[in-house]
file target_24.tsv (TSV, C-alpha atoms and all ligand atoms)
chain	number	residue	atom	x	y	z
A	1	MET	CA	-22.00	9.81	-58.47
A	2	SER	CA	-23.74	7.33	-60.68
A	3	ASN	CA	-27.19	7.26	-62.17
A	4	TRP	CA	-28.30	4.89	-59.40
A	5	THR	CA	-27.20	7.10	-56.53
A	6	ASP	CA	-28.93	10.07	-58.18
A	7	LEU	CA	-32.13	8.09	-58.56
A	8	GLU	CA	-31.92	6.92	-54.95
A	9	ASN	CA	-31.59	10.54	-53.87
A	10	LYS	CA	-34.69	11.39	-55.79
A	11	TYR	CA	-36.96	8.47	-54.95
A	12	TYR	CA	-35.90	6.89	-51.67
A	13	MET	CA	-36.61	8.14	-48.15
A	14	GLN	CA	-33.32	9.67	-47.10
A	15	VAL	CA	-32.84	7.72	-43.88
A	16	ALA	CA	-29.62	5.78	-44.56
A	17	ARG	CA	-26.11	7.22	-44.37
A	18	ARG	CA	-24.81	5.38	-47.41
A	19	GLN	CA	-21.29	4.93	-48.67
A	20	PRO	CA	-21.06	6.09	-52.32
A	21	ILE	CA	-20.90	2.53	-53.65
A	22	VAL	CA	-23.50	0.64	-55.69
A	23	ILE	CA	-22.93	-3.05	-54.96
A	24	VAL	CA	-24.09	-5.28	-57.80
A	25	ARG	CA	-22.84	-8.78	-56.92
A	26	GLY	CA	-20.98	-10.79	-54.35
A	27	GLU	CA	-19.17	-14.08	-53.87
A	28	GLY	CA	-17.80	-15.23	-50.55
A	29	THR	CA	-16.13	-12.28	-48.80
A	30	LEU	CA	-15.91	-10.30	-52.06
A	31	VAL	CA	-18.36	-7.84	-53.59
A	32	TRP	CA	-18.16	-5.81	-56.80
A	33	ASP	CA	-19.57	-2.37	-57.53
A	34	GLU	CA	-21.16	-1.18	-60.78
A	35	ASN	CA	-17.71	-0.25	-62.15
A	36	ASP	CA	-16.51	-3.78	-61.40
A	37	LYS	CA	-14.26	-2.59	-58.58
A	38	GLU	CA	-13.66	-5.42	-56.10
A	39	TYR	CA	-13.93	-5.02	-52.33
A	40	LEU	CA	-13.37	-7.25	-49.32
A	41	ASP	CA	-16.69	-7.01	-47.50
A	42	PHE	CA	-16.11	-6.89	-43.74
A	43	THR	CA	-19.65	-5.62	-43.16
A	44	ALA	CA	-21.23	-8.84	-44.56
A	45	GLY	CA	-24.74	-7.47	-44.92
A	46	TRP	CA	-24.50	-6.18	-41.33
A	47	ALA	CA	-23.32	-9.41	-39.74
A	48	VAL	CA	-25.90	-11.25	-41.84
A	49	ASN	CA	-23.94	-13.11	-44.55
A	50	THR	CA	-22.80	-15.89	-42.21
A	51	LEU	CA	-21.32	-17.96	-45.04
A	52	GLY	CA	-20.41	-15.00	-47.27
A	53	HIS	CA	-22.23	-13.85	-50.36
A	54	CYS	CA	-24.06	-16.39	-52.53
A	55	HIS	CA	-22.75	-19.49	-50.76
A	56	PRO	CA	-23.67	-22.46	-53.00
A	57	VAL	CA	-25.40	-24.30	-50.14
A	58	LEU	CA	-27.66	-21.32	-49.45
A	59	VAL	CA	-28.26	-20.57	-53.13
A	60	ARG	CA	-29.24	-24.19	-53.78
A	61	ALA	CA	-31.65	-24.22	-50.82
A	62	VAL	CA	-33.34	-21.01	-52.03
A	63	GLU	CA	-33.56	-22.27	-55.62
A	64	GLU	CA	-35.02	-25.62	-54.65
A	65	GLN	CA	-37.50	-24.21	-52.17
A	66	ALA	CA	-38.56	-21.43	-54.58
A	67	ARG	CA	-39.42	-24.13	-57.06
A	68	THR	CA	-41.26	-26.24	-54.46
A	69	LEU	CA	-43.21	-23.95	-52.12
A	70	MET	CA	-42.50	-20.39	-50.94
A	71	GLN	CA	-45.39	-19.33	-48.79
A	72	THR	CA	-48.40	-20.89	-47.19
A	73	SER	CA	-50.11	-19.37	-44.18
A	74	ASN	CA	-49.37	-20.53	-40.67
A	75	GLN	CA	-52.80	-22.14	-40.80
A	76	PHE	CA	-50.87	-25.14	-42.18
A	77	TYR	CA	-47.72	-27.07	-41.31
A	78	THR	CA	-44.65	-26.86	-43.53
A	79	ILE	CA	-41.58	-29.09	-43.46
A	80	PRO	CA	-38.84	-26.39	-43.64
A	81	GLN	CA	-40.32	-24.58	-40.61
A	82	VAL	CA	-40.32	-27.76	-38.52
A	83	LYS	CA	-36.80	-28.73	-39.63
A	84	LEU	CA	-35.42	-25.32	-38.70
A	85	ALA	CA	-37.22	-25.35	-35.35
A	86	GLN	CA	-35.81	-28.79	-34.57
A	87	ILE	CA	-32.17	-27.98	-35.39
A	88	LEU	CA	-32.28	-24.77	-33.35
A	89	VAL	CA	-33.90	-26.40	-30.32
A	90	GLU	CA	-31.70	-29.50	-30.41
A	91	ASN	CA	-28.54	-27.38	-30.50
A	92	SER	CA	-29.51	-24.83	-27.82
A	93	CYS	CA	-30.66	-24.77	-24.22
A	94	LEU	CA	-34.12	-23.56	-25.35
A	95	ASP	CA	-37.20	-25.72	-25.92
A	96	ARG	CA	-39.39	-23.92	-28.45
A	97	VAL	CA	-39.08	-21.32	-31.19
A	98	PHE	CA	-41.24	-18.83	-33.09
A	99	PHE	CA	-40.10	-17.36	-36.42
A	100	SER	CA	-40.45	-13.68	-37.31
A	101	ASN	CA	-39.10	-11.64	-40.22
A	102	SER	CA	-36.57	-9.44	-38.45
A	103	GLY	CA	-34.71	-8.85	-35.22
A	104	ALA	CA	-37.01	-6.08	-34.00
A	105	GLU	CA	-40.03	-8.30	-34.52
A	106	ALA	CA	-38.37	-11.17	-32.67
A	107	ASN	CA	-37.77	-8.81	-29.75
A	108	GLU	CA	-41.38	-7.63	-29.83
A	109	GLY	CA	-42.46	-11.25	-29.56
A	110	VAL	CA	-40.16	-12.06	-26.67
A	111	VAL	CA	-41.47	-9.00	-24.81
A	112	LYS	CA	-44.98	-10.41	-25.18
A	113	LEU	CA	-43.72	-13.75	-23.84
A	114	ALA	CA	-42.04	-12.07	-20.86
A	115	ARG	CA	-45.12	-9.97	-20.10
A	116	LYS	CA	-47.39	-12.99	-20.23
A	117	TYR	CA	-45.06	-14.67	-17.75
A	118	GLY	CA	-45.20	-11.57	-15.55
A	119	LYS	CA	-48.99	-11.47	-15.75
A	120	THR	CA	-49.44	-15.08	-14.78
A	121	HIS	CA	-46.48	-15.67	-12.43
A	122	ARG	CA	-45.50	-12.29	-10.98
A	123	ASN	CA	-48.76	-10.53	-10.14
A	124	GLY	CA	-49.05	-8.70	-13.44
A	125	ALA	CA	-45.45	-7.47	-13.57
A	126	TYR	CA	-44.66	-5.99	-17.00
A	127	GLU	CA	-41.49	-3.91	-16.74
A	128	ILE	CA	-38.36	-4.94	-18.62
A	129	ILE	CA	-34.87	-3.83	-17.68
A	130	THR	CA	-32.59	-3.17	-20.66
A	131	ALA	CA	-29.15	-1.56	-20.96
A	132	LEU	CA	-27.92	1.86	-21.97
A	133	ASN	CA	-26.06	1.74	-25.30
A	134	SER	CA	-28.09	-1.30	-26.29
A	135	PHE	CA	-29.77	-1.82	-29.63
A	136	HIS	CA	-32.95	-3.85	-29.96
A	137	GLY	CA	-34.47	-2.56	-33.20
A	138	ARG	CA	-36.51	0.26	-34.67
A	139	THR	CA	-40.15	-0.47	-33.95
A	140	LEU	CA	-41.75	2.01	-31.57
A	141	THR	CA	-41.63	-0.44	-28.67
A	142	MET	CA	-38.01	-1.34	-29.36
A	143	ALA	CA	-37.15	2.39	-29.36
A	144	ALA	CA	-38.13	2.31	-25.69
A	145	ALA	CA	-36.09	-0.84	-25.10
A	146	THR	CA	-33.05	0.57	-26.91
A	147	GLY	CA	-31.10	2.59	-24.36
A	148	GLN	CA	-29.75	5.29	-26.69
A	149	PRO	CA	-31.32	8.76	-26.55
A	150	HIS	CA	-30.92	9.49	-30.28
A	151	TYR	CA	-33.12	6.47	-31.10
A	152	GLN	CA	-35.75	7.73	-28.64
A	153	GLU	CA	-36.05	11.53	-28.58
A	154	GLN	CA	-38.06	12.03	-31.76
A	155	TRP	CA	-40.58	9.27	-31.12
A	156	LYS	CA	-41.84	10.26	-27.73
A	157	PRO	CA	-44.09	9.36	-26.04
A	158	LEU	CA	-42.22	6.07	-25.83
A	159	ALA	CA	-43.92	2.80	-25.01
A	160	PRO	CA	-43.99	2.47	-21.24
A	161	GLY	CA	-42.56	-0.48	-19.34
A	162	PHE	CA	-38.85	-0.25	-20.11
A	163	VAL	CA	-36.04	0.88	-17.81
A	164	ASN	CA	-32.58	1.51	-19.29
A	165	VAL	CA	-29.67	0.95	-16.90
A	166	PRO	CA	-25.85	1.00	-17.36
A	167	TYR	CA	-24.46	-2.13	-19.09
A	168	ASP	CA	-22.06	-4.49	-17.33
A	169	ASP	CA	-23.29	-3.28	-13.94
A	170	ILE	CA	-25.22	-5.86	-11.91
A	171	GLU	CA	-25.91	-3.38	-9.10
A	172	ALA	CA	-27.80	-1.15	-11.56
A	173	ILE	CA	-30.07	-4.08	-12.48
A	174	LYS	CA	-30.65	-4.87	-8.82
A	175	ALA	CA	-31.48	-1.24	-8.04
A	176	ALA	CA	-33.94	-1.04	-10.96
A	177	THR	CA	-35.78	-4.24	-10.00
A	178	ASN	CA	-39.16	-3.78	-8.30
A	179	SER	CA	-42.48	-5.59	-8.03
A	180	ASN	CA	-43.38	-4.49	-11.59
A	181	THR	CA	-40.26	-6.06	-13.12
A	182	CYS	CA	-40.81	-9.19	-15.22
A	183	ALA	CA	-37.61	-9.51	-17.26
A	184	VAL	CA	-34.08	-8.39	-18.00
A	185	MET	CA	-33.12	-8.17	-21.69
A	186	LEU	CA	-29.47	-7.77	-22.71
A	187	GLU	CA	-27.09	-8.36	-25.60
A	188	PRO	CA	-24.29	-10.81	-24.61
A	189	VAL	CA	-21.94	-8.37	-26.37
A	190	GLN	CA	-23.37	-4.99	-27.40
A	191	GLY	CA	-23.05	-4.71	-31.19
A	192	GLU	CA	-24.39	-1.34	-32.36
A	193	GLY	CA	-23.29	0.22	-29.07
A	194	GLY	CA	-19.68	-0.20	-30.22
A	195	VAL	CA	-18.82	-3.89	-29.60
A	196	ASN	CA	-18.88	-3.72	-25.81
A	197	VAL	CA	-17.80	-6.97	-24.17
A	198	PRO	CA	-18.99	-7.27	-20.55
A	199	ALA	CA	-16.84	-8.64	-17.73
A	200	GLN	CA	-16.86	-12.46	-17.79
A	201	GLY	CA	-18.94	-12.71	-14.59
A	202	TYR	CA	-21.66	-10.21	-15.56
A	203	LEU	CA	-24.15	-12.53	-17.28
A	204	LYS	CA	-23.69	-15.13	-14.51
A	205	GLN	CA	-24.60	-12.44	-11.96
A	206	VAL	CA	-27.63	-11.51	-14.06
A	207	ARG	CA	-28.59	-15.21	-14.19
A	208	GLU	CA	-28.37	-15.51	-10.41
A	209	TRP	CA	-30.38	-12.33	-9.88
A	210	CYS	CA	-33.11	-13.45	-12.30
A	211	ASP	CA	-33.31	-16.83	-10.53
A	212	GLU	CA	-33.50	-15.19	-7.12
A	213	GLN	CA	-36.20	-12.72	-8.20
A	214	GLY	CA	-38.13	-14.94	-10.61
A	215	LEU	CA	-37.39	-12.71	-13.64
A	216	VAL	CA	-37.15	-13.87	-17.24
A	217	MET	CA	-33.55	-13.60	-18.46
A	218	VAL	CA	-33.68	-12.67	-22.15
A	219	LEU	CA	-30.61	-12.38	-24.34
A	220	ASP	CA	-30.91	-10.46	-27.60
A	221	GLU	CA	-28.67	-12.60	-29.81
A	222	VAL	CA	-29.80	-10.99	-33.05
A	223	GLN	CA	-26.19	-10.01	-33.76
A	224	THR	CA	-24.25	-12.49	-31.61
A	225	GLY	CA	-26.15	-15.69	-32.47
A	226	ILE	CA	-25.25	-18.37	-35.06
A	227	GLY	CA	-21.51	-18.40	-34.56
A	228	ARG	CA	-20.59	-14.72	-34.53
A	229	LEU	CA	-18.91	-14.84	-31.09
A	230	GLY	CA	-17.12	-18.12	-31.74
A	231	SER	CA	-19.86	-20.35	-30.32
A	232	LEU	CA	-23.17	-21.26	-31.93
A	233	PHE	CA	-24.94	-18.96	-29.45
A	234	GLY	CA	-23.26	-16.10	-27.63
A	235	TYR	CA	-24.49	-17.21	-24.20
A	236	GLN	CA	-22.21	-20.27	-24.46
A	237	ARG	CA	-19.15	-18.02	-24.22
A	238	PHE	CA	-20.32	-16.77	-20.82
A	239	GLY	CA	-21.29	-20.07	-19.16
A	240	VAL	CA	-24.97	-19.18	-18.65
A	241	GLU	CA	-28.29	-20.53	-19.88
A	242	PRO	CA	-30.79	-17.76	-20.59
A	243	ASP	CA	-34.56	-18.34	-20.35
A	244	ALA	CA	-35.16	-16.87	-23.79
A	245	ILE	CA	-33.17	-15.54	-26.73
A	246	THR	CA	-33.85	-13.72	-29.97
A	247	LEU	CA	-32.10	-14.30	-33.28
A	248	ALA	CA	-32.12	-12.71	-36.75
A	249	LYS	CA	-29.19	-11.35	-38.85
A	250	GLY	CA	-26.87	-14.38	-39.22
A	251	LEU	CA	-29.75	-16.84	-38.82
A	252	GLY	CA	-30.80	-16.40	-42.43
A	253	GLY	CA	-27.36	-15.84	-43.92
A	254	GLY	CA	-28.96	-13.26	-46.24
A	255	VAL	CA	-32.68	-14.02	-46.27
A	256	PRO	CA	-34.90	-12.04	-43.87
A	257	ILE	CA	-35.78	-14.17	-40.86
A	258	GLY	CA	-35.83	-13.71	-37.10
A	259	ALA	CA	-36.73	-15.94	-34.18
A	260	PHE	CA	-37.39	-15.99	-30.49
A	261	MET	CA	-36.77	-19.09	-28.43
A	262	ALA	CA	-37.59	-19.93	-24.83
A	263	LYS	CA	-37.45	-22.65	-22.20
A	264	GLU	CA	-40.68	-24.60	-21.81
A	265	LYS	CA	-41.58	-22.94	-18.52
A	266	PHE	CA	-41.82	-19.54	-20.25
A	267	CYS	CA	-43.67	-20.71	-23.37
A	268	LEU	CA	-47.04	-19.44	-22.22
A	269	LEU	CA	-48.18	-17.85	-25.48
A	270	ALA	CA	-51.42	-19.55	-26.52
A	271	PRO	CA	-53.12	-19.87	-29.92
A	272	GLY	CA	-54.08	-16.37	-31.06
A	273	ASP	CA	-51.58	-14.57	-28.79
A	274	HIS	CA	-49.02	-14.04	-31.53
A	275	GLY	CA	-48.53	-14.61	-35.22
A	276	SER	CA	-47.08	-13.40	-38.51
A	277	THR	CA	-48.13	-13.75	-42.13
A	278	TYR	CA	-44.63	-14.27	-43.46
A	279	GLY	CA	-42.96	-15.40	-40.25
A	280	GLY	CA	-41.45	-18.86	-40.64
A	281	ASN	CA	-42.38	-19.14	-44.30
A	282	ALA	CA	-41.10	-22.09	-46.28
A	283	LEU	CA	-38.62	-20.12	-48.39
A	284	THR	CA	-36.79	-18.35	-45.55
A	285	CYS	CA	-36.88	-21.41	-43.28
A	286	ALA	CA	-35.39	-23.67	-45.97
A	287	ALA	CA	-32.64	-21.09	-46.55
A	288	SER	CA	-32.01	-20.64	-42.85
A	289	PHE	CA	-31.94	-24.40	-42.26
A	290	ALA	CA	-29.26	-24.77	-44.94
A	291	VAL	CA	-27.16	-22.08	-43.23
A	292	VAL	CA	-27.59	-23.35	-39.67
A	293	ASN	CA	-27.00	-26.96	-40.70
A	294	TYR	CA	-23.81	-25.99	-42.56
A	295	VAL	CA	-22.59	-23.93	-39.60
A	296	ILE	CA	-23.10	-26.85	-37.22
A	297	GLU	CA	-21.82	-29.63	-39.49
A	298	ASN	CA	-18.63	-27.74	-40.32
A	299	ASP	CA	-18.09	-26.32	-36.82
A	300	ILE	CA	-17.97	-22.81	-38.25
A	301	PRO	CA	-18.11	-21.20	-34.75
A	302	THR	CA	-14.75	-22.72	-33.79
A	303	TYR	CA	-13.29	-21.56	-37.09
A	304	ALA	CA	-14.73	-18.05	-36.50
A	305	GLU	CA	-12.97	-17.89	-33.14
A	306	THR	CA	-9.64	-18.97	-34.67
A	307	VAL	CA	-9.78	-16.55	-37.60
A	308	GLY	CA	-11.15	-13.86	-35.28
A	309	GLN	CA	-8.09	-14.30	-33.06
A	310	HIS	CA	-5.93	-13.93	-36.17
A	311	LEU	CA	-7.73	-10.66	-37.01
A	312	ARG	CA	-7.41	-9.35	-33.44
A	313	ASN	CA	-3.69	-10.21	-33.43
A	314	GLY	CA	-3.25	-8.26	-36.65
A	315	LEU	CA	-5.18	-5.29	-35.29
A	316	ASN	CA	-3.14	-5.35	-32.08
A	317	ALA	CA	0.03	-5.31	-34.19
A	318	LEU	CA	-1.31	-2.20	-35.98
A	319	ALA	CA	-2.19	-0.68	-32.59
A	320	SER	CA	1.44	-1.03	-31.50
A	321	LEU	CA	2.56	0.81	-34.65
A	322	TYR	CA	-0.02	3.61	-34.85
A	323	GLU	CA	-0.72	5.78	-31.84
A	324	ILE	CA	-4.13	6.82	-33.16
A	325	ILE	CA	-5.39	3.30	-32.33
A	326	THR	CA	-6.39	3.16	-28.68
A	327	ASP	CA	-8.29	-0.13	-28.34
A	328	VAL	CA	-8.98	-3.47	-30.01
A	329	ARG	CA	-11.94	-5.35	-28.59
A	330	GLY	CA	-14.44	-8.06	-29.41
A	331	MET	CA	-15.04	-11.79	-29.49
A	332	GLY	CA	-15.08	-14.26	-32.36
A	333	LEU	CA	-15.70	-12.24	-35.50
A	334	LEU	CA	-17.41	-9.25	-33.89
A	335	ILE	CA	-14.55	-6.83	-33.40
A	336	ALA	CA	-14.02	-3.09	-33.03
A	337	LEU	CA	-10.97	-0.88	-33.40
A	338	GLN	CA	-11.06	2.40	-31.49
A	339	PHE	CA	-9.22	5.61	-32.35
A	340	SER	CA	-8.07	8.49	-30.19
A	341	SER	CA	-10.41	10.89	-32.03
A	342	ASP	CA	-13.56	10.90	-34.17
A	343	ILE	CA	-12.00	9.75	-37.44
A	344	SER	CA	-13.93	6.55	-38.16
A	345	GLY	CA	-15.81	8.13	-41.10
A	346	GLN	CA	-12.53	9.19	-42.74
A	347	VAL	CA	-10.95	5.79	-42.12
A	348	VAL	CA	-13.92	4.02	-43.69
A	349	SER	CA	-13.82	6.31	-46.78
A	350	LEU	CA	-10.09	5.68	-47.23
A	351	CYS	CA	-10.65	1.93	-46.78
A	352	ASN	CA	-13.33	2.08	-49.50
A	353	GLU	CA	-10.66	3.45	-51.84
A	354	GLU	CA	-8.32	0.61	-50.87
A	355	GLY	CA	-11.04	-1.96	-51.50
A	356	LEU	CA	-12.17	-2.81	-47.95
A	357	LEU	CA	-15.69	-2.28	-46.62
A	358	LEU	CA	-16.06	-1.53	-42.90
A	359	ASN	CA	-18.65	0.04	-40.59
A	360	PRO	CA	-18.01	3.24	-38.60
A	361	VAL	CA	-19.91	1.90	-35.58
A	362	ARG	CA	-19.02	4.93	-33.42
A	363	PRO	CA	-17.53	8.29	-34.40
A	364	ASN	CA	-14.24	6.98	-32.98
A	365	ALA	CA	-14.53	3.25	-33.75
A	366	ILE	CA	-14.84	0.93	-36.73
A	367	ARG	CA	-16.43	-2.51	-36.66
A	368	PHE	CA	-15.33	-5.75	-38.34
A	369	MET	CA	-18.07	-8.33	-38.94
A	370	PRO	CA	-16.92	-10.37	-41.95
A	371	PRO	CA	-18.48	-13.66	-43.06
A	372	LEU	CA	-17.69	-16.41	-40.52
A	373	ASN	CA	-15.87	-18.42	-43.19
A	374	VAL	CA	-13.52	-15.55	-44.18
A	375	SER	CA	-10.05	-16.93	-44.92
A	376	THR	CA	-6.93	-15.93	-42.97
A	377	GLN	CA	-5.51	-14.76	-46.29
A	378	GLU	CA	-8.47	-12.41	-46.77
A	379	VAL	CA	-7.97	-11.15	-43.22
A	380	ASP	CA	-4.31	-10.45	-44.01
A	381	THR	CA	-5.28	-8.56	-47.17
A	382	ALA	CA	-7.87	-6.57	-45.20
A	383	LEU	CA	-5.20	-5.66	-42.61
A	384	GLU	CA	-2.85	-4.49	-45.39
A	385	ARG	CA	-5.60	-2.33	-46.91
A	386	LEU	CA	-6.51	-0.89	-43.52
A	387	GLU	CA	-2.86	-0.04	-42.85
A	388	ALA	CA	-2.58	1.62	-46.27
A	389	ALA	CA	-5.65	3.73	-45.39
A	390	LEU	CA	-4.20	4.69	-41.99
A	391	ILE	CA	-0.89	5.71	-43.62
A	392	LYS	CA	-2.81	7.93	-46.07
A	393	LEU	CA	-4.75	9.47	-43.21
A	394	ILE	CA	-1.68	10.17	-41.08
A	395	SER	CA	0.33	11.62	-43.97
A	396	GLY	CA	-2.73	13.80	-44.72
A	401	LIG	C1	-29.74	-5.50	-35.72
A	401	LIG	C2	-30.22	-5.75	-34.34
A	401	LIG	C3	-31.59	-5.72	-34.02
A	401	LIG	C4	-32.65	-5.34	-35.02
A	401	LIG	O1	-32.76	-6.26	-36.04
A	401	LIG	P1	-33.60	-5.86	-37.37
A	401	LIG	O2	-33.59	-7.12	-38.17
A	401	LIG	O3	-32.89	-4.73	-38.02
A	401	LIG	O4	-34.96	-5.49	-36.91
A	401	LIG	C5	-31.96	-6.05	-32.74
A	401	LIG	N1	-31.05	-6.37	-31.81
A	401	LIG	C6	-29.73	-6.42	-32.08
A	401	LIG	C7	-28.78	-6.82	-31.01
A	401	LIG	C8	-29.26	-6.09	-33.35
A	401	LIG	O5	-27.95	-6.09	-33.61
call {"tool": "encode", "arguments": {"input": "target_24.tsv", "output": "structure tokens", "more": "lines below"}}
Ligand SMILES: *Cc1c(COP(=O)(O)O)cnc(C)c1O
result
Amino acid sequence: MSNWTDLENKYYMQVARRQPIVIVRGEGTLVWDENDKEYLDFTAGWAVNTLGHCHPVLVRAVEEQARTLMQTSNQFYTIPQVKLAQILVENSCLDRVFFSNSGAEANEGVVKLARKYGKTHRNGAYEIITALNSFHGRTLTMAAATGQPHYQEQWKPLAPGFVNVPYDDIEAIKAATNSNTCAVMLEPVQGEGGVNVPAQGYLKQVREWCDEQGLVMVLDEVQTGIGRLGSLFGYQRFGVEPDAITLAKGLGGGVPIGAFMAKEKFCLLAPGDHGSTYGGNALTCAASFAVVNYVIENDIPTYAETVGQHLRNGLNALASLYEIITDVRGMGLLIALQFSSDISGQVVSLCNEEGLLLNPVRPNAIRFMPPLNVSTQEVDTALERLEAALIKLISG
């Protein structure tokens, strides 16, 4: 234990399950701890560092904007906010955007949008159907939306108006729909729930049901958006156009920003209905624009799919060698490896020793969410380090 971990123990609210590593700097897929030990970072700020750590394009955008203008209020127009709005709208099926500071806040905003639609177009309907095993954030309202009991139990009474149904099950959505329902909100691939990829037809069935019933189809793309699944937006992998989406994580590439976007028909929020002091500020928007523009100009999503396939191939090769691996799943660069027992914590600790950072997303599964521009060589090194960790574990 270092001085910093001791001080954290003393002064910080003890809410995070931290690995015993103090990260002091990063470059690309690499980070270094306070003892100058180098790691391959396959957690990437929790699927946030789209272009890796300290990408020069992002650093330059932050530096220049910090020197020019960081924050005004939303009482005024700023150029970075408009530029980011334009690039997101022009490259998606959505027509307008609002910027928040986080994923949970983006989801709160989209719930307001869906409820306003329900109020005005569906006789005051307000209920939102979400999935079990989902994750939508940690505000009190998002605890109700998030269909995982351990995120809910302690905070009861939960905000009313959310129904959690099994994921990848269209019949469950149909059965939960009633005259109070205004929207369905789902992740295209569940991230925190363990990287759960639905059947290819699921989101199309949800689309059809929402059209038939006049419900708002919302996709929470906080984790899947901006290239993570091998397309700029996750919905593109499933051949559907949602009515609204939320973004955060990879949108900023490291600066805190979130967004919700919607088709014109659903953009009913009027002046005064919603707002944020920091949301869409010049600094984060300039940074985010640099990231999104780079991702689009260099077709990073296609690259992420190719290198993701390379990683999945390598993991499948390990699965054929080691019986403790029972599943490899994911899309693009959002991938999980499942074990036959609850050993993900041990695997992650052993990988730390080998110089590879991973996330134990479930007691029996680890998650890979490296920067989208990770090299195939770095993936190969990560696979070697993972195998070394597994050999250590098996030989006890
Ligand atoms: C991380 C995440 C959130 C919450 O985002 P915060 O920025 O932590 O509030 C919401 N939805 C999904 C799908 C996420 O992965």
call {"tool": "closest_residue", "arguments": {"input": "target_24.tsv", "among": "A:Gly258, A:Gly26, A:Gly118, A:Pro80", "to": "ligand LIG 401 (chain A)", "atoms": "all atoms listed in the file"}}
result
A:Gly258
call {"tool": "residues_near_ligand", "arguments": {"input": "target_24.tsv", "ligand": "ligand LIG 401 (chain A)", "cutoff": "10 Å", "atoms": "all atoms listed in the file", "output": "ChimeraX atom specification"}}
result
/A:46-48,100-108,134-139,142,146,186-193,219-225,246-250,256-258
call {"tool": "atom_distance", "arguments": {"input": "target_24.tsv", "atom1": "CA of Pro20 in chain A", "atom2": "CA of Leu251 in chain A"}}
result
28.0 Å
call {"tool": "closest_residue", "arguments": {"input": "target_24.tsv", "among": "A:Ile366, A:Glu387, A:Asp211, A:Ala290", "to": "Glu64 in chain A", "atoms": "all atoms listed in the file"}}
result
A:Ala290
call {"tool": "atom_distance", "arguments": {"input": "target_24.tsv", "atom1": "CA of Phe368 in chain A", "atom2": "CA of Leu337 in chain A"}}
result
8.2 Å
call {"tool": "residues_around", "arguments": {"input": "target_24.tsv", "residues": "Asp41 in chain A", "least_positions_apart": "6", "cutoff": "6 Å", "atoms": "all atoms listed in the file", "output": "JSON, numbers by chain"}}
result
{"A": [29, 30, 357]}
call {"tool": "closest_residue", "arguments": {"input": "target_24.tsv", "among": "A:Thr181, A:Ser2, A:Gln81, A:Asn74", "to": "His274 in chain A", "atoms": "all atoms listed in the file"}}
result
A:Asn74
call {"tool": "residues_around", "arguments": {"input": "target_24.tsv", "residues": "range 378-383 of chain A", "least_positions_apart": "2", "cutoff": "9 Å", "atoms": "all atoms listed in the file", "output": "list in words"}}
result
Thr29, Leu40, Phe42, Val307, Gly308, His310, Leu311, Gly314, Leu315, Leu318, Gly355, Leu356, Val374, Ser375, Thr376, Arg385, Leu386, Glu387 and Ala388 of chain A
call {"tool": "write_last_selection", "arguments": {"input": "target_24.tsv", "atoms": "C-alpha atoms", "output": "PDB file, in the frame of the given file"}}
result
ATOM      1  CA  THR A  29     -16.130 -12.280 -48.800  1.00  0.00           C
ATOM      2  CA  LEU A  40     -13.370  -7.250 -49.320  1.00  0.00           C
ATOM      3  CA  PHE A  42     -16.110  -6.890 -43.740  1.00  0.00           C
ATOM      4  CA  VAL A 307      -9.780 -16.550 -37.600  1.00  0.00           C
ATOM      5  CA  GLY A 308     -11.150 -13.860 -35.280  1.00  0.00           C
ATOM      6  CA  HIS A 310      -5.930 -13.930 -36.170  1.00  0.00           C
ATOM      7  CA  LEU A 311      -7.730 -10.660 -37.010  1.00  0.00           C
ATOM      8  CA  GLY A 314      -3.250  -8.260 -36.650  1.00  0.00           C
ATOM      9  CA  LEU A 315      -5.180  -5.290 -35.290  1.00  0.00           C
ATOM     10  CA  LEU A 318      -1.310  -2.200 -35.980  1.00  0.00           C
ATOM     11  CA  GLY A 355     -11.040  -1.960 -51.500  1.00  0.00           C
ATOM     12  CA  LEU A 356     -12.170  -2.810 -47.950  1.00  0.00           C
ATOM     13  CA  VAL A 374     -13.520 -15.550 -44.180  1.00  0.00           C
ATOM     14  CA  SER A 375     -10.050 -16.930 -44.920  1.00  0.00           C
ATOM     15  CA  THR A 376      -6.930 -15.930 -42.970  1.00  0.00           C
ATOM     16  CA  ARG A 385      -5.600  -2.330 -46.910  1.00  0.00           C
ATOM     17  CA  LEU A 386      -6.510  -0.890 -43.520  1.00  0.00           C
ATOM     18  CA  GLU A 387      -2.860  -0.040 -42.850  1.00  0.00           C
ATOM     19  CA  ALA A 388      -2.580   1.620 -46.270  1.00  0.00           C
TER      20      ALA A 388
END
call {"tool": "atom_distance", "arguments": {"input": "target_24.tsv", "atom1": "CA of Lys119 in chain A", "atom2": "CA of Val97 in chain A"}}
result
20.8 Å
call {"tool": "residues_around", "arguments": {"input": "target_24.tsv", "residues": "Leu215 in chain A", "least_positions_apart": "6", "cutoff": "7 Å", "atoms": "all atoms listed in the file", "output": "number ranges by chain"}}
result
A: 182-184
call {"tool": "residues_around", "arguments": {"input": "target_24.tsv", "residues": "Ser73 in chain A", "least_positions_apart": "3", "cutoff": "10 Å", "atoms": "all atoms listed in the file", "output": "list in words"}}
result
Phe76, Tyr77, Thr78, Ser276, Thr277, Tyr278, Gly279, Gly280, Asn281 and Ala282 of chain A
call {"tool": "residues_around", "arguments": {"input": "target_24.tsv", "residues": "Met331 in chain A", "least_positions_apart": "6", "cutoff": "8 Å", "atoms": "only C-alpha atoms", "output": "MDAnalysis selection string"}}
result
chainID A and resid 197 229:230 305 308
call {"tool": "closest_residue", "arguments": {"input": "target_24.tsv", "among": "A:Gln148, A:Asn178, A:Asn298, A:Gln205", "to": "Asn373 in chain A", "atoms": "all atoms listed in the file"}}
result
A:Asn298
